[in-house]
Structures are given as C-alpha cells and as structure tokens.
Amino acid sequence: MKVSIILASYDSGHFHGGCGQGPDVLIAGGLVEALNLAGHDVAVEDIGKVGDEQEREIATGFAVCNAVAKNVRLACDNGRFPIVLAGNCLTAAGAVAGDTADSIIWIDQHGDLNTPETSAYGFLDGMALATTLGLCWRPMTSAIAGFQAIDPTRCMLVDARDLDPVEKHLLETLPIVRAQCADALDKVGKLKAAGAARTHLHLDLDVHDPEVLQVNRYAQPGGPNPDELRQLACGLARSIPIVGVTLSAYDPAFDPQAEVPPVVGELLVDFLAAFERI
C-alpha cells in the first residue's frame, strides 16, 4: 500500500517544542522501517517551519493546518493514504480539509470542545474538535483550502473522560455520538446513518491508560491499553471508509523508556493490514 507520513512538528505554535518533538521521535523509533517491513511503500513529508518567527499560537497553529491540508491533498492525489503525525490536535482540521472527509472519529481523553468564549485557559488545542465541527474560529478555517466543517451528527467522540463542565453541557445539546473504546464499533452505524462516507480518524495518543502508557503531561486515569486501542482502530478500518489518520500529542519527555514508538508502529501496521483487507 502507498502511504504518506506527514510530519507537523508543532506544539502551541512552537516548532519542535513539547509534543512537537513527537513526530521526529516516532520516525527515529523505526516507524518507517516497520511499515516497509509490512510491505508498504512509505513516503515521508515534513511541512517544516511555517508561519513567522514569533511562533504565535493561533497564527502558527492555523498556518500548520494550511500546510498539512496541502500535503494531505497531494498525497491523496498521488494515490497515497495520508497519516499525519502532529504535535497538536488542531492539526486534524487541516487533515480533514486535505482528505475531504465528511465525518470524523475523535479518539481522545479530552473533548477538545471549548471555544474562545468558554475556555478557562484560552488553550487553542482544547478547541480542536470544536474548530473541526465549525463551532469556532470560522474566519481562520475559511482560509484553509478545502475545509468544510464536519456536521456534529457525523462525529463520534471516543473515551473522552476529562471534560470541562461547559463541554459536558455542550455534549448534552449536540448530536455527537459518544462512545467508549469497548462499544465504539457498535455505534459506527449511527455515523453511516447520518451520511458518513469519508471518515477521518483522529487519535490523540493520550487516550491511553497512563498506568500502562504515558504519552504526555495531560494524562488522566482510565482509558484503553495499547492492545485495546489497536483492536479498535483495526475494527474501524474494517467498518467504515477511512480516508486519513492523524496521530497527535506524543511528548517524548514523558516517555523515558521510549515505549511509545513501537506501540505506534504496531498500531499502524495492524491498522493498515485491516484497511487493506476491506
């Protein structure tokens, strides 16, 4: 299978800072070799530095989205399956624009559903899913070539266990499909019934149970272990048409034993094997 791995090495506007170090460490940890060994033709593209030298979180964050959208679109045009390795979850908005997804499965311990009006800290990445659903930052997303907001009826939020009160209230009013790792496959039919035909899969690696695998500073108790998440990803590959994947938020500073790269490699090898069998 032809695969493009697209590196977006930013965290909150900072190039190669924090989780922005994750994409390079995943590559250095043998990801390309693992995919090649499984028989895939892998091309690696790096968006490099974007935005200006001030590294402003908002301006740079959306510049990253623009660059990712272009790289993902080029990969799709060349018949390659796009996998984005990102520091921030907001990058998924660019990936969705590039692969023209009409639906999204968002696997994350957080809801990422705050907006500038509701966020207690103004953390842009805490607005990532809200942005992708068109609930905020519309002038910024309108500048991302090809971006179309995902209808909340075609969004599944999986294993979000660390939610702000405003996010909990919003989830009571929006028709987002809520699921846990254990029952997500049973609810895919709801996305299909809502018209999902091109689904983007977003995986924030901090969804993992930190007692088993800690990937960044935001770890909260609970969540799936690596085997459970890998099985879910493979099940989704067989259950709904997935057009692209984003993996985000790995900070190597919280992984002193370098446990995360081989876990990601195994996840993607098995996911692509399941994807090819459909």
# chains A, B, ... in the order shown; residues from 1 in each chain; ligands from 1
$ closest_atom_pairs --of "range 186-259 of chain A" --to "range 23-30 of chain A" --cutoff "10 Å" --atoms "only C-alpha atoms" --output "tab-separated table"
residue	atom	partner	partner_atom	distance
A:Leu247	CA	A:Pro23	CA	9.0
A:Ser248	CA	A:Pro23	CA	8.4
A:Ala249	CA	A:Pro23	CA	9.1
A:Tyr250	CA	A:Pro23	CA	7.7
A:Asp251	CA	A:Val25	CA	9.1
A:Pro252	CA	A:Val25	CA	7.2
A:Ala258	CA	A:Gly29	CA	8.1
A:Glu259	CA	A:Gly29	CA	9.5
$ write_last_selection --atoms "N, CA and C atoms" --output "PDB file, in the first residue's frame"
ATOM      1  N   LEU A 247      -2.364  11.277  14.139  1.00  0.00           N
ATOM      2  CA  LEU A 247      -1.928  10.877  15.472  1.00  0.00           C
ATOM      3  C   LEU A 247      -1.259  12.076  16.111  1.00  0.00           C
ATOM      4  N   SER A 248      -1.648  12.375  17.351  1.00  0.00           N
ATOM      5  CA  SER A 248      -1.146  13.610  17.964  1.00  0.00           C
ATOM      6  C   SER A 248      -0.706  13.410  19.409  1.00  0.00           C
ATOM      7  N   ALA A 249       0.022  14.440  19.867  1.00  0.00           N
ATOM      8  CA  ALA A 249       0.248  14.731  21.281  1.00  0.00           C
ATOM      9  C   ALA A 249       1.184  13.784  22.013  1.00  0.00           C
ATOM     10  N   TYR A 250       2.188  13.279  21.308  1.00  0.00           N
ATOM     11  CA  TYR A 250       3.232  12.478  21.977  1.00  0.00           C
ATOM     12  C   TYR A 250       4.398  13.387  22.339  1.00  0.00           C
ATOM     13  N   ASP A 251       4.671  13.482  23.640  1.00  0.00           N
ATOM     14  CA  ASP A 251       5.796  14.264  24.137  1.00  0.00           C
ATOM     15  C   ASP A 251       6.851  13.296  24.666  1.00  0.00           C
ATOM     16  N   PRO A 252       7.954  13.133  23.960  1.00  0.00           N
ATOM     17  CA  PRO A 252       8.971  12.159  24.370  1.00  0.00           C
ATOM     18  C   PRO A 252       9.544  12.406  25.764  1.00  0.00           C
ATOM     19  N   ALA A 258      11.178   5.125  26.079  1.00  0.00           N
ATOM     20  CA  ALA A 258      10.873   5.045  24.639  1.00  0.00           C
ATOM     21  C   ALA A 258       9.905   3.902  24.331  1.00  0.00           C
ATOM     22  N   GLU A 259       8.838   3.826  25.128  1.00  0.00           N
ATOM     23  CA  GLU A 259       7.850   2.768  24.937  1.00  0.00           C
ATOM     24  C   GLU A 259       6.832   3.096  23.848  1.00  0.00           C
TER      25      GLU A 259
END
$ residues_around --residues "Arg230 in chain A" --least-positions-apart "6" --cutoff "8 Å" --atoms "only C-alpha atoms" --output "MDAnalysis selection string"
chainID A and resid 266:267 270:271
$ atom_distance --atom1 "CA of Gly98 in chain A" --atom2 "CA of Leu232 in chain A"
24.2 Å
$ closest_atom_pairs --of "range 63-135 of chain A" --to "range 160-166 of chain A" --cutoff "12 Å" --atoms "only C-alpha atoms" --output "tab-separated table"
residue	atom	partner	partner_atom	distance
A:Ile105	CA	A:Ala160	CA	11.8
A:Trp106	CA	A:Ala160	CA	9.0
A:Ile107	CA	A:Ala160	CA	7.4
A:Asp108	CA	A:Ala160	CA	5.6
A:Gln109	CA	A:Ala160	CA	4.2
A:His110	CA	A:Ala160	CA	4.9
A:Gly111	CA	A:Ala160	CA	5.5
A:Asp112	CA	A:Leu163	CA	8.3
A:Leu113	CA	A:Val166	CA	8.6
A:Asn114	CA	A:Val166	CA	7.4
A:Thr115	CA	A:Val166	CA	9.7
A:Pro116	CA	A:Val166	CA	12.0
A:Glu117	CA	A:Val166	CA	10.3
A:Thr118	CA	A:Val166	CA	6.8
A:Ser119	CA	A:Val166	CA	8.5
A:Ala120	CA	A:Asp164	CA	9.0
A:Tyr121	CA	A:Asp164	CA	11.3
A:Gly126	CA	A:Asp164	CA	10.0
A:Met127	CA	A:Asp164	CA	11.7
A:Leu129	CA	A:Ala160	CA	11.7
$ residues_around --residues "range 72-88 of chain A" --least-positions-apart "5" --cutoff "9 Å" --atoms "only C-alpha atoms" --output "VMD selection string"
chain A and resid 1 to 12 16 to 24 26 41 to 43 61 67 94 to 100 125 128 204 243 to 251
$ select_by_dssp --residues "range 42-174 of chain A" --states "strand (DSSP E or B)" --output "PyMOL selection string"
chain A and resi 42-46+81-86+103-107+110+155-158+162
$ write_last_selection --atoms "C-alpha atoms" --output "mmCIF file, in the first residue's frame"
data_model
loop_
_atom_site.group_PDB
_atom_site.id
_atom_site.type_symbol
_atom_site.label_atom_id
_atom_site.label_comp_id
_atom_site.auth_asym_id
_atom_site.auth_seq_id
_atom_site.Cartn_x
_atom_site.Cartn_y
_atom_site.Cartn_z
ATOM 1 C CA VAL A 42 6.214 4.814 2.526
ATOM 2 C CA ALA A 43 6.988 8.429 1.665
ATOM 3 C CA VAL A 44 7.778 10.888 4.464
ATOM 4 C CA GLU A 45 6.928 14.558 4.031
ATOM 5 C CA ASP A 46 7.758 17.271 6.566
ATOM 6 C CA PHE A 81 -3.002 7.061 2.167
ATOM 7 C CA PRO A 82 -2.205 10.064 4.419
ATOM 8 C CA ILE A 83 -1.059 9.634 8.019
ATOM 9 C CA VAL A 84 -0.315 12.894 9.828
ATOM 10 C CA LEU A 85 1.986 12.843 12.853
ATOM 11 C CA ALA A 86 1.219 16.035 14.754
ATOM 12 C CA SER A 103 -17.141 12.669 9.103
ATOM 13 C CA ILE A 104 -14.709 12.162 11.944
ATOM 14 C CA ILE A 105 -13.962 9.703 14.719
ATOM 15 C CA TRP A 106 -12.168 11.578 17.504
ATOM 16 C CA ILE A 107 -10.426 9.278 19.999
ATOM 17 C CA HIS A 110 -10.312 15.216 26.188
ATOM 18 C CA CYS A 155 -18.823 12.897 14.639
ATOM 19 C CA MET A 156 -18.021 10.150 17.131
ATOM 20 C CA LEU A 157 -16.148 11.105 20.311
ATOM 21 C CA VAL A 158 -14.479 8.102 21.909
ATOM 22 C CA ASP A 162 -11.539 14.610 31.082
#
$ closest_atom_pairs --of "range 76-143 of chain A" --to "range 148-153 of chain A" --cutoff "6 Å" --atoms "only C-alpha atoms" --output "Markdown table"
| residue | atom | partner | partner_atom | distance |
| --- | --- | --- | --- | --- |
| A:Asp102 | CA | A:Ile150 | CA | 5.8 |
| A:Ser103 | CA | A:Ile150 | CA | 5.8 |
| A:Thr132 | CA | A:Ala149 | CA | 5.6 |
| A:Leu133 | CA | A:Ile150 | CA | 4.7 |
| A:Gly134 | CA | A:Ala149 | CA | 4.9 |
$ residues_around --residues "Ala179 in chain A" --least-positions-apart "2" --cutoff "8 Å" --atoms "only C-alpha atoms" --output "ChimeraX atom specification"
/A:156-159,177,181-184,187
$ decode --residues "range 185-217 of chain A" --atoms "N, CA and C atoms" --output "PDB file, in the first residue's frame"
ATOM      1  N   LEU A 185     -17.341   0.345  18.141  1.00  0.00           N
ATOM      2  CA  LEU A 185     -17.678  -0.347  16.896  1.00  0.00           C
ATOM      3  C   LEU A 185     -19.177  -0.563  16.768  1.00  0.00           C
ATOM      4  N   ASP A 186     -19.848  -0.744  17.893  1.00  0.00           N
ATOM      5  CA  ASP A 186     -21.297  -0.955  17.865  1.00  0.00           C
ATOM      6  C   ASP A 186     -22.051   0.304  17.450  1.00  0.00           C
ATOM      7  N   LYS A 187     -21.382   1.473  17.527  1.00  0.00           N
ATOM      8  CA  LYS A 187     -22.054   2.736  17.241  1.00  0.00           C
ATOM      9  C   LYS A 187     -21.674   3.338  15.895  1.00  0.00           C
ATOM     10  N   VAL A 188     -20.813   2.655  15.148  1.00  0.00           N
ATOM     11  CA  VAL A 188     -20.420   3.160  13.833  1.00  0.00           C
ATOM     12  C   VAL A 188     -21.622   3.314  12.922  1.00  0.00           C
ATOM     13  N   GLY A 189     -22.611   2.451  13.096  1.00  0.00           N
ATOM     14  CA  GLY A 189     -23.819   2.529  12.273  1.00  0.00           C
ATOM     15  C   GLY A 189     -24.520   3.864  12.367  1.00  0.00           C
ATOM     16  N   LYS A 190     -24.382   4.540  13.513  1.00  0.00           N
ATOM     17  CA  LYS A 190     -25.016   5.852  13.661  1.00  0.00           C
ATOM     18  C   LYS A 190     -24.363   6.877  12.736  1.00  0.00           C
ATOM     19  N   LEU A 191     -23.050   6.776  12.564  1.00  0.00           N
ATOM     20  CA  LEU A 191     -22.363   7.677  11.639  1.00  0.00           C
ATOM     21  C   LEU A 191     -22.806   7.405  10.207  1.00  0.00           C
ATOM     22  N   LYS A 192     -22.879   6.131   9.856  1.00  0.00           N
ATOM     23  CA  LYS A 192     -23.297   5.782   8.499  1.00  0.00           C
ATOM     24  C   LYS A 192     -24.725   6.249   8.230  1.00  0.00           C
ATOM     25  N   ALA A 193     -25.592   6.091   9.227  1.00  0.00           N
ATOM     26  CA  ALA A 193     -26.978   6.522   9.061  1.00  0.00           C
ATOM     27  C   ALA A 193     -27.071   8.031   8.866  1.00  0.00           C
ATOM     28  N   ALA A 194     -26.094   8.760   9.414  1.00  0.00           N
ATOM     29  CA  ALA A 194     -26.069  10.218   9.261  1.00  0.00           C
ATOM     30  C   ALA A 194     -25.421  10.656   7.949  1.00  0.00           C
ATOM     31  N   GLY A 195     -24.957   9.683   7.155  1.00  0.00           N
ATOM     32  CA  GLY A 195     -24.405  10.007   5.841  1.00  0.00           C
ATOM     33  C   GLY A 195     -22.898   9.949   5.741  1.00  0.00           C
ATOM     34  N   ALA A 196     -22.214   9.417   6.756  1.00  0.00           N
ATOM     35  CA  ALA A 196     -20.751   9.356   6.718  1.00  0.00           C
ATOM     36  C   ALA A 196     -20.288   8.447   5.591  1.00  0.00           C
ATOM     37  N   ALA A 197     -19.479   9.003   4.687  1.00  0.00           N
ATOM     38  CA  ALA A 197     -18.953   8.232   3.565  1.00  0.00           C
ATOM     39  C   ALA A 197     -17.434   8.329   3.462  1.00  0.00           C
ATOM     40  N   ARG A 198     -16.862   9.394   4.060  1.00  0.00           N
ATOM     41  CA  ARG A 198     -15.409   9.605   4.045  1.00  0.00           C
ATOM     42  C   ARG A 198     -15.006  10.056   5.445  1.00  0.00           C
ATOM     43  N   THR A 199     -14.456   9.146   6.209  1.00  0.00           N
ATOM     44  CA  THR A 199     -14.227   9.387   7.631  1.00  0.00           C
ATOM     45  C   THR A 199     -12.750   9.602   7.926  1.00  0.00           C
ATOM     46  N   HIS A 200     -12.479  10.642   8.697  1.00  0.00           N
ATOM     47  CA  HIS A 200     -11.118  10.867   9.193  1.00  0.00           C
ATOM     48  C   HIS A 200     -11.014  10.296  10.603  1.00  0.00           C
ATOM     49  N   LEU A 201      -9.923   9.597  10.867  1.00  0.00           N
ATOM     50  CA  LEU A 201      -9.685   9.008  12.184  1.00  0.00           C
ATOM     51  C   LEU A 201      -8.622   9.825  12.902  1.00  0.00           C
ATOM     52  N   HIS A 202      -9.017  10.435  14.020  1.00  0.00           N
ATOM     53  CA  HIS A 202      -8.086  11.223  14.821  1.00  0.00           C
ATOM     54  C   HIS A 202      -7.783  10.470  16.107  1.00  0.00           C
ATOM     55  N   LEU A 203      -6.502  10.234  16.351  1.00  0.00           N
ATOM     56  CA  LEU A 203      -6.064   9.511  17.545  1.00  0.00           C
ATOM     57  C   LEU A 203      -5.144  10.409  18.363  1.00  0.00           C
ATOM     58  N   ASP A 204      -5.629  10.899  19.480  1.00  0.00           N
ATOM     59  CA  ASP A 204      -4.748  11.565  20.434  1.00  0.00           C
ATOM     60  C   ASP A 204      -4.189  10.459  21.320  1.00  0.00           C
ATOM     61  N   LEU A 205      -2.887  10.274  21.267  1.00  0.00           N
ATOM     62  CA  LEU A 205      -2.285   9.134  21.951  1.00  0.00           C
ATOM     63  C   LEU A 205      -2.441   9.187  23.460  1.00  0.00           C
ATOM     64  N   ASP A 206      -2.826  10.372  24.014  1.00  0.00           N
ATOM     65  CA  ASP A 206      -3.017  10.408  25.463  1.00  0.00           C
ATOM     66  C   ASP A 206      -4.339   9.781  25.899  1.00  0.00           C
ATOM     67  N   VAL A 207      -5.065   9.209  24.945  1.00  0.00           N
ATOM     68  CA  VAL A 207      -6.246   8.431  25.315  1.00  0.00           C
ATOM     69  C   VAL A 207      -5.854   7.163  26.069  1.00  0.00           C
ATOM     70  N   HIS A 208      -4.608   6.725  25.887  1.00  0.00           N
ATOM     71  CA  HIS A 208      -4.148   5.513  26.567  1.00  0.00           C
ATOM     72  C   HIS A 208      -4.230   5.663  28.094  1.00  0.00           C
ATOM     73  N   ASP A 209      -4.442   4.554  28.736  1.00  0.00           N
ATOM     74  CA  ASP A 209      -4.360   4.481  30.193  1.00  0.00           C
ATOM     75  C   ASP A 209      -2.922   4.815  30.615  1.00  0.00           C
ATOM     76  N   PRO A 210      -2.703   5.906  31.348  1.00  0.00           N
ATOM     77  CA  PRO A 210      -1.333   6.291  31.697  1.00  0.00           C
ATOM     78  C   PRO A 210      -0.645   5.305  32.631  1.00  0.00           C
ATOM     79  N   GLU A 211      -1.424   4.451  33.274  1.00  0.00           N
ATOM     80  CA  GLU A 211      -0.797   3.422  34.100  1.00  0.00           C
ATOM     81  C   GLU A 211      -0.068   2.389  33.237  1.00  0.00           C
ATOM     82  N   VAL A 212      -0.463   2.336  31.962  1.00  0.00           N
ATOM     83  CA  VAL A 212       0.148   1.384  31.038  1.00  0.00           C
ATOM     84  C   VAL A 212       1.100   2.087  30.083  1.00  0.00           C
ATOM     85  N   LEU A 213       0.685   3.271  29.577  1.00  0.00           N
ATOM     86  CA  LEU A 213       1.491   4.003  28.600  1.00  0.00           C
ATOM     87  C   LEU A 213       1.211   5.495  28.753  1.00  0.00           C
ATOM     88  N   GLN A 214       2.165   6.233  29.265  1.00  0.00           N
ATOM     89  CA  GLN A 214       2.004   7.684  29.394  1.00  0.00           C
ATOM     90  C   GLN A 214       2.681   8.359  28.215  1.00  0.00           C
ATOM     91  N   VAL A 215       1.944   9.269  27.550  1.00  0.00           N
ATOM     92  CA  VAL A 215       2.493   9.879  26.335  1.00  0.00           C
ATOM     93  C   VAL A 215       2.727  11.381  26.473  1.00  0.00           C
ATOM     94  N   ASN A 216       2.136  12.025  27.496  1.00  0.00           N
ATOM     95  CA  ASN A 216       2.368  13.460  27.693  1.00  0.00           C
ATOM     96  C   ASN A 216       1.973  13.866  29.106  1.00  0.00           C
ATOM     97  N   ARG A 217       2.003  15.146  29.376  1.00  0.00           N
ATOM     98  CA  ARG A 217       1.748  15.650  30.735  1.00  0.00           C
ATOM     99  C   ARG A 217       0.270  15.657  31.105  1.00  0.00           C
TER     100      ARG A 217
END
